[in-house]
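Enquirer: Provided below: target_10.txt, containing compact mmCIF, C-alpha atoms.
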# COMPACT_ATOMS: atom_id res chain seq x y z
CA MET A 1 -3.89 -69.94 144.91
CA GLY A 2 -2.49 -66.59 143.77
CA GLU A 3 0.69 -67.21 145.76
CA ARG A 4 1.05 -70.67 144.23
CA LEU A 5 0.65 -69.22 140.73
CA LYS A 6 3.57 -66.90 141.43
CA LYS A 7 5.68 -69.86 142.52
CA ILE A 8 4.98 -71.86 139.35
CA SER A 9 5.16 -68.86 137.00
CA LEU A 10 8.77 -69.37 135.87
CA LEU A 11 8.36 -73.09 135.26
CA LEU A 12 5.05 -72.45 133.46
CA VAL A 13 6.58 -69.78 131.22
CA LEU A 14 9.50 -72.07 130.36
CA GLY A 15 7.09 -74.92 129.60
CA LEU A 16 5.01 -72.71 127.29
CA LEU A 17 8.15 -71.44 125.56
CA GLY A 18 9.38 -74.99 125.03
CA LEU A 19 5.96 -76.03 123.70
CA GLY A 20 5.91 -73.16 121.21
CA ILE A 21 9.41 -73.96 119.90
CA SER A 22 8.52 -77.66 119.66
CA ILE A 23 5.39 -76.96 117.62
CA VAL A 24 7.39 -74.82 115.17
CA ALA A 25 10.04 -77.55 114.93
CA TYR A 26 7.36 -80.17 114.28
CA ILE A 27 5.84 -78.08 111.48
CA ILE A 28 9.29 -77.78 109.87
CA HIS A 29 9.81 -81.54 110.24
CA LEU A 30 6.50 -82.20 108.45
CA ARG A 31 7.38 -79.83 105.62
CA LEU A 32 10.80 -81.39 105.17
CA SER A 33 9.20 -84.84 105.02
CA ALA A 34 6.70 -83.67 102.39
CA ASN A 35 9.18 -81.66 100.33
CA PRO A 36 12.93 -82.46 100.57
CA GLY A 37 13.68 -79.19 98.78
CA TYR A 38 12.02 -77.11 101.48
CA THR A 39 14.29 -74.68 103.33
CA SER A 40 13.16 -73.36 106.70
CA PHE A 41 13.74 -69.90 108.13
CA CYS A 42 16.25 -71.21 110.66
CA THR A 43 18.60 -72.67 108.07
CA ILE A 44 21.11 -69.89 107.54
CA ASN A 45 24.25 -71.53 106.18
CA SER A 46 26.12 -74.84 106.08
CA ARG A 47 26.76 -74.77 109.82
CA VAL A 48 23.61 -73.14 111.20
CA ASP A 49 21.23 -75.66 109.64
CA CYS A 50 18.01 -76.74 111.33
CA ASP A 51 16.93 -78.68 108.25
CA LEU A 52 20.01 -80.90 108.27
CA VAL A 53 19.41 -81.84 111.91
CA MET A 54 15.65 -82.37 111.52
CA SER A 55 16.00 -84.49 108.39
CA SER A 56 18.77 -86.69 109.77
CA ARG A 57 18.32 -90.24 111.01
CA TYR A 58 18.52 -88.90 114.57
CA ALA A 59 15.33 -86.85 114.13
CA ARG A 60 13.08 -89.77 115.12
CA LEU A 61 12.66 -91.81 118.27
CA ALA A 62 10.66 -95.05 118.21
CA GLY A 63 9.35 -94.08 114.77
CA LEU A 64 8.02 -90.66 115.87
CA PRO A 65 9.61 -87.27 115.17
CA ILE A 66 11.62 -85.88 118.09
CA PRO A 67 9.68 -82.56 117.94
CA LEU A 68 6.43 -84.48 118.48
CA TRP A 69 7.92 -86.12 121.57
CA ALA A 70 8.94 -82.64 122.70
CA VAL A 71 5.37 -81.37 122.28
CA GLY A 72 4.18 -84.17 124.57
CA TYR A 73 6.98 -83.53 127.08
CA TYR A 74 6.31 -79.81 127.46
CA SER A 75 2.56 -80.39 127.57
CA ALA A 76 3.13 -82.76 130.50
CA LEU A 77 5.40 -80.24 132.23
CA ILE A 78 2.78 -77.50 131.83
CA ALA A 79 0.07 -79.83 133.18
CA VAL A 80 2.20 -80.64 136.26
CA ALA A 81 2.90 -76.95 136.91
CA VAL A 82 -0.80 -76.07 136.65
CA GLY A 83 -1.61 -79.03 138.91
CA ILE A 84 0.66 -77.62 141.63
CA ALA A 85 -1.27 -74.36 141.46
CA VAL A 86 -4.76 -75.85 141.64
CA VAL A 87 -4.61 -78.88 143.98
CA SER A 88 -5.51 -78.21 147.59
CA SER A 89 -3.50 -80.99 149.26
CA ALA A 90 0.01 -79.97 150.35
CA ARG A 91 1.18 -83.58 150.05
CA ARG A 92 -0.07 -83.80 146.46
CA ARG A 93 1.56 -80.50 145.61
CA GLU A 94 4.87 -81.83 146.89
CA LYS A 95 4.48 -85.02 144.86
CA LEU A 96 3.70 -83.00 141.75
CA ALA A 97 6.73 -80.79 142.42
CA THR A 98 8.87 -83.94 142.70
CA LEU A 99 7.41 -85.16 139.42
CA ALA A 100 8.34 -81.80 137.85
CA VAL A 101 11.95 -82.28 138.99
CA LEU A 102 12.02 -85.76 137.48
CA LEU A 103 10.59 -84.45 134.20
CA VAL A 104 13.08 -81.60 133.85
CA THR A 105 15.95 -83.92 134.80
CA TRP A 106 14.96 -86.23 131.96
CA GLY A 107 14.63 -83.23 129.63
CA LEU A 108 18.08 -81.97 130.58
CA LEU A 109 19.68 -85.38 130.06
CA PHE A 110 18.00 -85.88 126.70
CA SER A 111 19.04 -82.38 125.61
CA THR A 112 22.64 -83.22 126.51
CA TYR A 113 22.46 -86.33 124.34
CA MET A 114 20.88 -84.49 121.38
CA ALA A 115 23.41 -81.64 121.65
CA VAL A 116 26.28 -84.11 121.34
CA ILE A 117 24.60 -85.64 118.29
CA ALA A 118 24.04 -82.26 116.62
CA PHE A 119 27.49 -80.85 117.34
CA GLY A 120 29.57 -84.03 117.31
CA VAL A 121 27.91 -86.20 114.66
CA LEU A 122 26.11 -83.81 112.31
CA HIS A 123 28.46 -80.87 112.89
CA ALA A 124 25.53 -78.48 112.67
CA VAL A 125 23.76 -75.98 114.90
CA CYS A 126 19.97 -76.11 114.99
CA LEU A 127 18.69 -72.80 116.37
CA LEU A 128 15.34 -74.26 117.45
CA CYS A 129 17.03 -77.23 119.12
CA THR A 130 19.44 -74.90 120.89
CA GLY A 131 16.47 -72.91 122.13
CA LEU A 132 15.07 -76.09 123.68
CA TYR A 133 18.46 -76.90 125.24
CA LEU A 134 18.40 -73.49 126.96
CA VAL A 135 14.80 -73.95 128.09
CA ASN A 136 15.69 -77.32 129.64
CA ILE A 137 18.77 -75.93 131.36
CA ALA A 138 16.70 -73.13 132.90
CA SER A 139 13.86 -75.48 133.83
CA PHE A 140 15.99 -77.61 136.14
CA PRO A 141 16.76 -74.95 138.80
CA ALA A 142 13.22 -73.58 138.42
CA ALA A 143 11.71 -77.00 139.20
CA TRP A 144 14.21 -77.66 141.99
CA ARG A 145 13.38 -74.34 143.66
CA LEU A 146 9.67 -75.00 143.27
CA ARG A 147 10.00 -78.37 144.97
CA SER A 148 11.86 -76.76 147.87
CA GLN A 149 8.98 -74.30 148.29
CA MET A 150 6.44 -77.13 148.32
CA ARG A 151 8.09 -79.09 151.14
CA PHE A 152 6.28 -79.43 154.44
CA GLY A 153 6.85 -81.22 157.77
CA GLY A 154 8.97 -80.92 160.91
CA ARG A 155 12.66 -80.06 161.16
CA GLN A 156 13.76 -83.69 161.24
CA VAL A 157 11.64 -84.58 158.22
CA LEU A 158 12.95 -81.59 156.27
CA ALA A 159 16.55 -82.47 157.13
CA GLN A 160 15.99 -86.01 155.90
CA ARG A 161 14.49 -84.70 152.67
CA ALA A 162 17.44 -82.34 152.22
CA ARG A 163 19.79 -85.34 152.38
CA GLN A 164 17.63 -87.17 149.87
CA GLU A 165 17.75 -84.15 147.56
CA ARG A 166 21.55 -84.10 147.71
CA VAL A 167 21.54 -87.75 146.67
CA VAL A 168 19.24 -86.88 143.78
CA LEU A 169 21.50 -84.01 142.70
CA ILE A 170 24.60 -86.20 142.78
CA GLY A 171 22.75 -88.96 140.94
CA GLY A 172 21.56 -86.47 138.35
CA ALA A 173 25.09 -85.18 137.83
CA LEU A 174 26.40 -88.73 137.38
CA ALA A 175 23.56 -89.49 134.96
CA ALA A 176 24.44 -86.35 132.97
CA VAL A 177 28.06 -87.53 132.75
CA ALA A 178 26.84 -90.96 131.62
CA VAL A 179 24.58 -89.49 128.94
CA LEU A 180 27.40 -87.24 127.75
CA GLY A 181 29.62 -90.32 127.49
CA ILE A 182 26.96 -92.19 125.52
CA GLY A 183 26.49 -89.20 123.23
CA SER A 184 30.24 -88.92 122.70
CA TRP A 185 30.40 -92.60 121.83
CA GLU A 186 27.57 -92.01 119.36
CA ALA A 187 29.51 -89.09 117.93
CA PHE A 188 32.91 -90.71 117.65
CA GLY A 189 32.18 -94.42 117.83
CA ARG A 190 28.92 -96.18 116.93
CA GLY A 191 27.46 -93.03 115.39
CA THR A 192 30.12 -92.83 112.71
CA GLN A 193 29.29 -94.03 109.24
CA ALA A 194 29.98 -97.59 108.16
CA SER A 195 33.61 -97.80 107.05
CA ASP A 196 33.34 -100.27 104.16
CA ALA A 197 30.96 -101.57 101.51
CA ALA A 198 30.18 -104.78 103.40
CA ALA A 199 29.10 -102.83 106.47
CA ILE A 200 26.84 -100.57 104.40
CA GLU A 201 25.31 -103.59 102.65
CA ARG A 202 24.61 -105.13 106.05
CA GLN A 203 23.36 -102.00 107.83
CA ASN A 204 21.49 -100.32 104.97
CA PRO A 205 20.75 -102.93 102.30
CA GLN A 206 18.06 -100.86 100.58
CA PHE A 207 20.42 -97.94 99.97
CA PHE A 208 23.20 -100.33 98.95
CA ARG A 209 20.99 -101.96 96.28
CA TRP A 210 19.77 -98.60 95.01
CA TYR A 211 23.27 -97.13 94.75
CA MET A 212 24.73 -100.15 92.99
CA SER A 213 21.84 -100.18 90.50
CA GLN A 214 22.57 -96.64 89.25
CA PRO A 215 24.38 -96.34 85.91
CA VAL A 216 28.10 -95.64 85.63
CA VAL A 217 29.08 -93.36 82.76
CA PRO A 218 32.40 -91.89 81.58
CA VAL A 219 32.48 -88.29 82.80
CA PRO A 220 34.87 -85.87 81.02
CA ARG A 221 37.52 -84.42 83.29
CA ASP A 222 37.78 -81.08 81.49
CA GLY A 223 36.03 -77.89 82.54
CA GLY A 224 34.09 -77.05 85.67
CA HIS A 225 35.31 -75.61 88.94
CA ALA A 226 37.28 -78.07 91.05
CA ARG A 227 38.39 -78.16 94.65
CA GLY A 228 40.24 -80.89 96.46
CA ASP A 229 43.15 -83.10 95.56
CA THR A 230 43.16 -84.15 91.88
CA ASP A 231 44.43 -87.56 93.02
CA ALA A 232 41.64 -88.04 95.57
CA PRO A 233 40.11 -91.54 95.46
CA VAL A 234 36.58 -90.12 95.14
CA ARG A 235 35.56 -87.55 92.54
CA ILE A 236 32.12 -85.90 92.78
CA VAL A 237 30.99 -84.09 89.65
CA GLU A 238 27.92 -81.96 90.31
CA TYR A 239 25.52 -80.38 87.82
CA SER A 240 23.55 -77.79 89.71
CA ASP A 241 21.27 -74.73 89.68
CA PHE A 242 21.71 -71.91 92.20
CA GLU A 243 17.95 -71.31 92.39
CA CYS A 244 17.09 -74.99 92.97
CA GLY A 245 15.98 -75.86 96.52
CA HIS A 246 17.12 -79.48 96.18
CA CYS A 247 20.54 -78.23 95.05
CA ALA A 248 20.83 -76.07 98.16
CA LYS A 249 19.97 -79.11 100.25
CA PHE A 250 22.67 -81.12 98.50
CA HIS A 251 25.09 -78.22 99.03
CA ARG A 252 24.52 -78.51 102.79
CA SER A 253 24.89 -82.30 102.72
CA LEU A 254 28.11 -82.04 100.74
CA ALA A 255 29.48 -79.45 103.16
CA ALA A 256 28.80 -81.83 106.06
CA VAL A 257 30.50 -84.75 104.29
CA LEU A 258 33.52 -82.66 103.30
CA ARG A 259 33.98 -81.72 106.95
CA ARG A 260 34.19 -85.44 107.76
CA SER A 261 36.31 -86.77 104.91
CA GLY A 262 37.23 -83.90 102.61
CA ARG A 263 40.78 -85.13 102.04
CA ASP A 264 39.46 -88.13 100.12
CA ILE A 265 37.17 -86.15 97.82
CA GLN A 266 37.57 -83.90 94.83
CA VAL A 267 34.47 -81.86 93.95
CA VAL A 268 33.85 -80.49 90.45
CA PHE A 269 30.96 -78.06 89.90
CA HIS A 270 29.14 -77.55 86.59
CA HIS A 271 26.16 -75.36 85.75
CA PHE A 272 22.76 -76.63 84.64
CA PRO A 273 20.29 -73.76 85.22
CA LEU A 274 16.67 -74.82 84.87
CA ASP A 275 15.74 -71.76 82.85
CA SER A 276 14.84 -71.50 79.19
CA ALA A 277 16.76 -68.20 78.99
CA CYS A 278 20.03 -70.15 78.62
CA ASN A 279 19.13 -73.84 78.73
CA PRO A 280 17.63 -75.24 75.49
CA LYS A 281 16.48 -78.34 77.41
CA MET A 282 13.95 -76.14 79.21
CA THR A 283 10.77 -75.11 77.42
CA VAL A 284 9.63 -72.74 80.21
CA PRO A 285 11.47 -70.20 82.42
CA LEU A 286 11.24 -72.33 85.58
CA HIS A 287 14.01 -70.65 87.59
CA ARG A 288 14.03 -67.14 86.18
CA GLU A 289 17.25 -66.00 87.86
CA ALA A 290 19.25 -69.23 87.60
CA CYS A 291 21.03 -68.30 84.36
CA SER A 292 22.11 -64.89 85.62
CA ALA A 293 23.24 -66.43 88.93
CA ALA A 294 25.39 -68.92 87.02
CA VAL A 295 26.92 -66.07 85.02
CA GLY A 296 27.55 -64.20 88.29
CA ALA A 297 29.42 -67.21 89.66
CA GLU A 298 31.56 -67.33 86.51
CA CYS A 299 32.32 -63.63 86.90
CA ALA A 300 33.38 -64.23 90.51
CA ALA A 301 35.57 -67.08 89.25
CA GLU A 302 37.38 -64.64 86.96
CA GLN A 303 38.50 -62.83 90.11
CA GLY A 304 39.39 -66.03 91.98
CA GLU A 305 36.33 -66.21 94.23
CA PHE A 306 34.12 -68.87 92.66
CA TRP A 307 33.63 -71.07 95.73
CA ALA A 308 32.99 -68.25 98.18
CA TYR A 309 30.47 -66.74 95.73
CA HIS A 310 28.97 -70.20 95.10
CA ASP A 311 28.35 -70.60 98.85
CA MET A 312 26.85 -67.12 99.09
CA LEU A 313 24.39 -67.84 96.27
CA PHE A 314 23.16 -71.05 97.87
CA GLU A 315 22.79 -69.33 101.22
CA ASN A 316 20.72 -66.52 99.69
CA GLN A 317 18.56 -68.33 97.15
CA GLN A 318 15.63 -65.97 97.59
CA HIS A 319 17.71 -63.02 96.43
CA LEU A 320 19.42 -63.70 93.11
CA GLY A 321 18.50 -60.57 91.15
CA ARG A 322 21.18 -58.48 89.48
CA GLN A 323 21.40 -56.03 92.37
CA SER A 324 21.93 -58.88 94.81
CA LEU A 325 24.56 -60.49 92.58
CA VAL A 326 26.53 -57.26 92.59
CA ALA A 327 26.06 -56.88 96.36
CA TYR A 328 27.54 -60.36 96.96
CA ALA A 329 30.51 -59.46 94.78
CA SER A 330 31.00 -56.31 96.83
CA LYS A 331 30.95 -58.31 100.08
CA LEU A 332 33.78 -60.46 98.70
CA GLY A 333 35.79 -57.39 97.80
CA LEU A 334 35.67 -57.95 94.03
CA ASP A 335 36.27 -55.26 91.44
CA ILE A 336 32.66 -54.16 90.91
CA ALA A 337 33.20 -52.38 87.58
CA ARG A 338 34.85 -55.48 86.18
CA PHE A 339 32.20 -57.75 87.71
CA THR A 340 29.29 -55.68 86.35
CA ALA A 341 30.75 -55.64 82.85
CA CYS A 342 31.26 -59.41 83.09
CA LEU A 343 27.58 -59.98 83.81
CA ASP A 344 26.77 -58.78 80.29
CA ASP A 345 29.62 -60.61 78.57
CA ALA A 346 28.34 -63.07 75.95
CA GLU A 347 31.49 -65.17 76.28
CA VAL A 348 30.76 -65.79 79.97
CA LEU A 349 27.22 -66.89 79.17
CA ALA A 350 28.72 -69.20 76.53
CA ARG A 351 30.75 -70.93 79.26
CA VAL A 352 27.55 -71.65 81.17
CA GLN A 353 25.94 -72.98 77.99
CA ALA A 354 28.97 -75.19 77.37
CA ASP A 355 28.30 -76.81 80.75
CA ILE A 356 24.67 -77.33 79.75
CA LYS A 357 25.76 -79.00 76.51
CA LYS A 358 28.05 -81.39 78.41
CA ALA A 359 25.28 -82.15 80.88
CA THR A 360 22.85 -82.96 78.09
CA ALA A 361 25.35 -85.35 76.52
CA LEU A 362 25.64 -87.15 79.88
CA GLY A 363 21.86 -87.49 80.20
CA VAL A 364 21.35 -84.78 82.82
CA ASP A 365 17.79 -83.47 82.81
CA SER A 366 17.25 -82.35 86.42
CA THR A 367 19.17 -80.87 89.34
CA PRO A 368 21.06 -81.76 91.28
CA THR A 369 22.56 -84.57 89.23
CA ILE A 370 25.82 -85.86 90.61
CA PHE A 371 28.39 -88.36 89.40
CA ILE A 372 30.35 -90.07 92.17
CA ASN A 373 33.28 -91.79 90.48
CA GLY A 374 31.09 -91.84 87.39
CA ARG A 375 28.00 -93.31 89.06
CA MET A 376 25.03 -91.12 88.15
CA LEU A 377 22.75 -90.13 91.03
CA LYS A 378 19.78 -87.82 90.57
CA GLY A 379 18.43 -85.70 93.41
CA SER A 380 19.73 -84.60 96.77
CA LEU A 381 21.11 -86.98 99.38
CA GLU A 382 21.09 -86.51 103.13
CA PRO A 383 24.58 -86.33 104.70
CA ASP A 384 24.45 -89.92 105.99
CA ALA A 385 23.43 -91.27 102.58
CA LEU A 386 26.00 -89.16 100.76
CA ASN A 387 28.70 -90.34 103.13
CA ASP A 388 27.68 -93.96 102.44
CA ALA A 389 27.81 -93.23 98.71
CA VAL A 390 31.33 -91.83 99.07
CA THR A 391 32.38 -94.92 101.03
CA LEU A 392 30.95 -97.22 98.36
CA ALA A 393 32.63 -95.20 95.60
CA HIS A 394 35.94 -95.44 97.43
CA ALA A 395 35.53 -99.21 97.72
CA THR A 396 34.17 -100.10 94.31
CA LEU A 397 35.44 -97.83 91.57
CA ALA A 398 38.36 -95.55 90.86
CA PRO A 399 37.61 -92.10 89.41
CA PRO A 400 37.09 -92.32 85.62
Using structure tokens, write down the structure that the file contains.
Expert:
Amino acid sequence: MGERLKKISLLLVLGLLGLGISIVAYIIHLRLSANPGYTSFCTINSRVDCDLVMSSRYARLAGLPIPLWAVGYYSALIAVAVGIAVVSSARRREKLATLAVLLVTWGLLFSTYMAVIAFGVLHAVCLLCTGLYLVNIASFPAAWRLRSQMRFGGRQVLAQRARQERVVLIGGALAAVAVLGIGSWEAFGRGTQASDAAAIERQNPQFFRWYMSQPVVPVPRDGGHARGDTDAPVRIVEYSDFECGHCAKFHRSLAAVLRRSGRDIQVVFHHFPLDSACNPKMTVPLHREACSAAVGAECAAEQGEFWAYHDMLFENQQHLGRQSLVAYASKLGLDIARFTACLDDAEVLARVQADIKKATALGVDSTPTIFINGRMLKGSLEPDALNDAVTLAHATLAPP
């Protein structure tokens, strides 16, 4: 049995590694479901974003989270590997080894499909998912080698089995190509968002009714920080807080949508820090560093780096103290003496408070609050939903 344990050791280690990663991914999925503002440790920036992948519509299969399916898959693979080590019958060991090959083949094909979805549809890298892709890639040769070691019989029988294995390899390669084709179609064909309002109403009637029921208000065009074509058919005005978890989630969704259709969108950013230190709407200091972060962004804007600084703040929400604000400015190559003096400038704080006053007049009382061609939406939207909202805005209303 000791010799058999050595033979299954690599496959067993890979199975245990995959199981551990899957459990972590499942915990993150549960937390994201319970709290949309939650940000996991493996969400680093707008491109390396586990949360975006795990909260997307592709994160479930037959109503169950993909990580939960993965837990079951790796548990089965571990059970098969252990079975090879403990059963006494050579024939049963060979059958179990064949089952292991079938399992890892399925895992490899499914990983190929999910990788195409993540990279081609969501345009994001999930570190945990990528870890599972690597585990599945390594598991295939490990299982194939194990099956070869479990074969028994005469020369003629072994030769026949070798021919059968070549057929399996060729079939597996063709299946991988087929899955890649299906994934590519999902990425660039069926998986793309609905292209008009009628399609959205048909495919996602609940979202369509919700979106159309939200109020449309005249949004002033002055002030704020804008990017994108001023003549773009869709104008997104955002009131946000750099310390707000839901705002960071919306930031990632917006980044994903801009990668898809940025030419059609102008984005305008306004401040609404949820902190009584600068926001009279707040009676308590909820986000204690939000006001100073907003001032820091305005100071970066004075040196022409608002958007880069804006991205840096959202990507480092846990570190928004004064020292960190100065460090981010240094990373962007700003004039630190000028930036530091700006942080204490009452006129800069007044600009933030002017945004708050405008927000209050528009009825903003939480973050993020966004206006898409004047339609007021409160809270973060996943990339798919935001893309649908942009499509509906494009189809139903010109920018006010």
Enquirer: Measuring atom to atom with only C-alpha atoms, identify which of A:Leu109, A:Ala297, A:Met54, A:Leu146 is nearest to A:Pro383.
Expert: A:Met54
Enquirer: Please provide the set of residues having any atom within 12 Å of A:Ala79, restricted to only C-alpha atoms, with same-chain residues fewer than 6 positions apart removed, written as a ChimeraX atom specification.
Expert: /A:8,11-12,15-16,19,72-73,85-87,96-97,99-100,103
Enquirer: What separation in Å, quoted to one decimal, exists between atom CA of A:Met114 and atom CA of A:Gly63?
Expert: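 Here the two named atoms are 16.4 Å from each other.
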Enquirer: In Å to one decimal, how far is atom CA of A:Cys299 from atom CA of A:Cys342?
Expert: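 Answer for the atom CA of A:Cys342 to atom CA of A:Cys299 separation: 5.8 Å.
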Enquirer: Got a sec to check which residues sit within 12 Å of (6.4, -72.0, 118.9), counting all atoms listed in the file, and write them as a PyMOL selection string?
Expert: chain A and resi 14-28+67+70-71+74+128-129+131-132
Enquirer: Residues of the last selection are to be written out with C-alpha atoms, as a short mmCIF file (atom, residue, chain, number, x, y, z; two decimals), keeping the file's coordinate frame.
Expert:
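New file out.cif:
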data_model
loop_
_atom_site.label_atom_id
_atom_site.label_comp_id
_atom_site.auth_asym_id
_atom_site.auth_seq_id
_atom_site.Cartn_x
_atom_site.Cartn_y
_atom_site.Cartn_z
CA LEU A 14 9.50 -72.07 130.36
CA GLY A 15 7.09 -74.92 129.60
CA LEU A 16 5.01 -72.71 127.29
CA LEU A 17 8.15 -71.44 125.56
CA GLY A 18 9.38 -74.99 125.03
CA LEU A 19 5.96 -76.03 123.70
CA GLY A 20 5.91 -73.16 121.21
CA ILE A 21 9.41 -73.96 119.90
CA SER A 22 8.52 -77.66 119.66
CA ILE A 23 5.39 -76.96 117.62
CA VAL A 24 7.39 -74.82 115.17
CA ALA A 25 10.04 -77.55 114.93
CA TYR A 26 7.36 -80.17 114.28
CA ILE A 27 5.84 -78.08 111.48
CA ILE A 28 9.29 -77.78 109.87
CA PRO A 67 9.68 -82.56 117.94
CA ALA A 70 8.94 -82.64 122.70
CA VAL A 71 5.37 -81.37 122.28
CA TYR A 74 6.31 -79.81 127.46
CA LEU A 128 15.34 -74.26 117.45
CA CYS A 129 17.03 -77.23 119.12
CA GLY A 131 16.47 -72.91 122.13
CA LEU A 132 15.07 -76.09 123.68
#
Enquirer: Using all atoms listed in the file, find each residue of stretch 226-272 of chain A with at least one atom at most 10 Å away from an atom of stretch 306-310 of chain A; report its shortest atom-to-atom pair and that distance in Å (one decimal), sort the rows by chain and rising residue number, and return the result as a tab-separated table.
Expert:
residue	atom	partner	partner_atom	distance
A:Ala226	CA	A:Trp307	CA	9.2
A:Arg227	CA	A:Trp307	CA	8.6
A:Phe242	CA	A:His310	CA	8.0
A:His251	CA	A:His310	CA	9.7
A:Phe269	CA	A:Trp307	CA	9.5
Enquirer: Go ahead and compute the interatomic distance for atom CA of A:Trp106 and atom CA of A:Arg31, in Å to one decimal.
Expert: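 For atom CA of A:Trp106 relative to atom CA of A:Arg31, the distance reads 28.1 Å.
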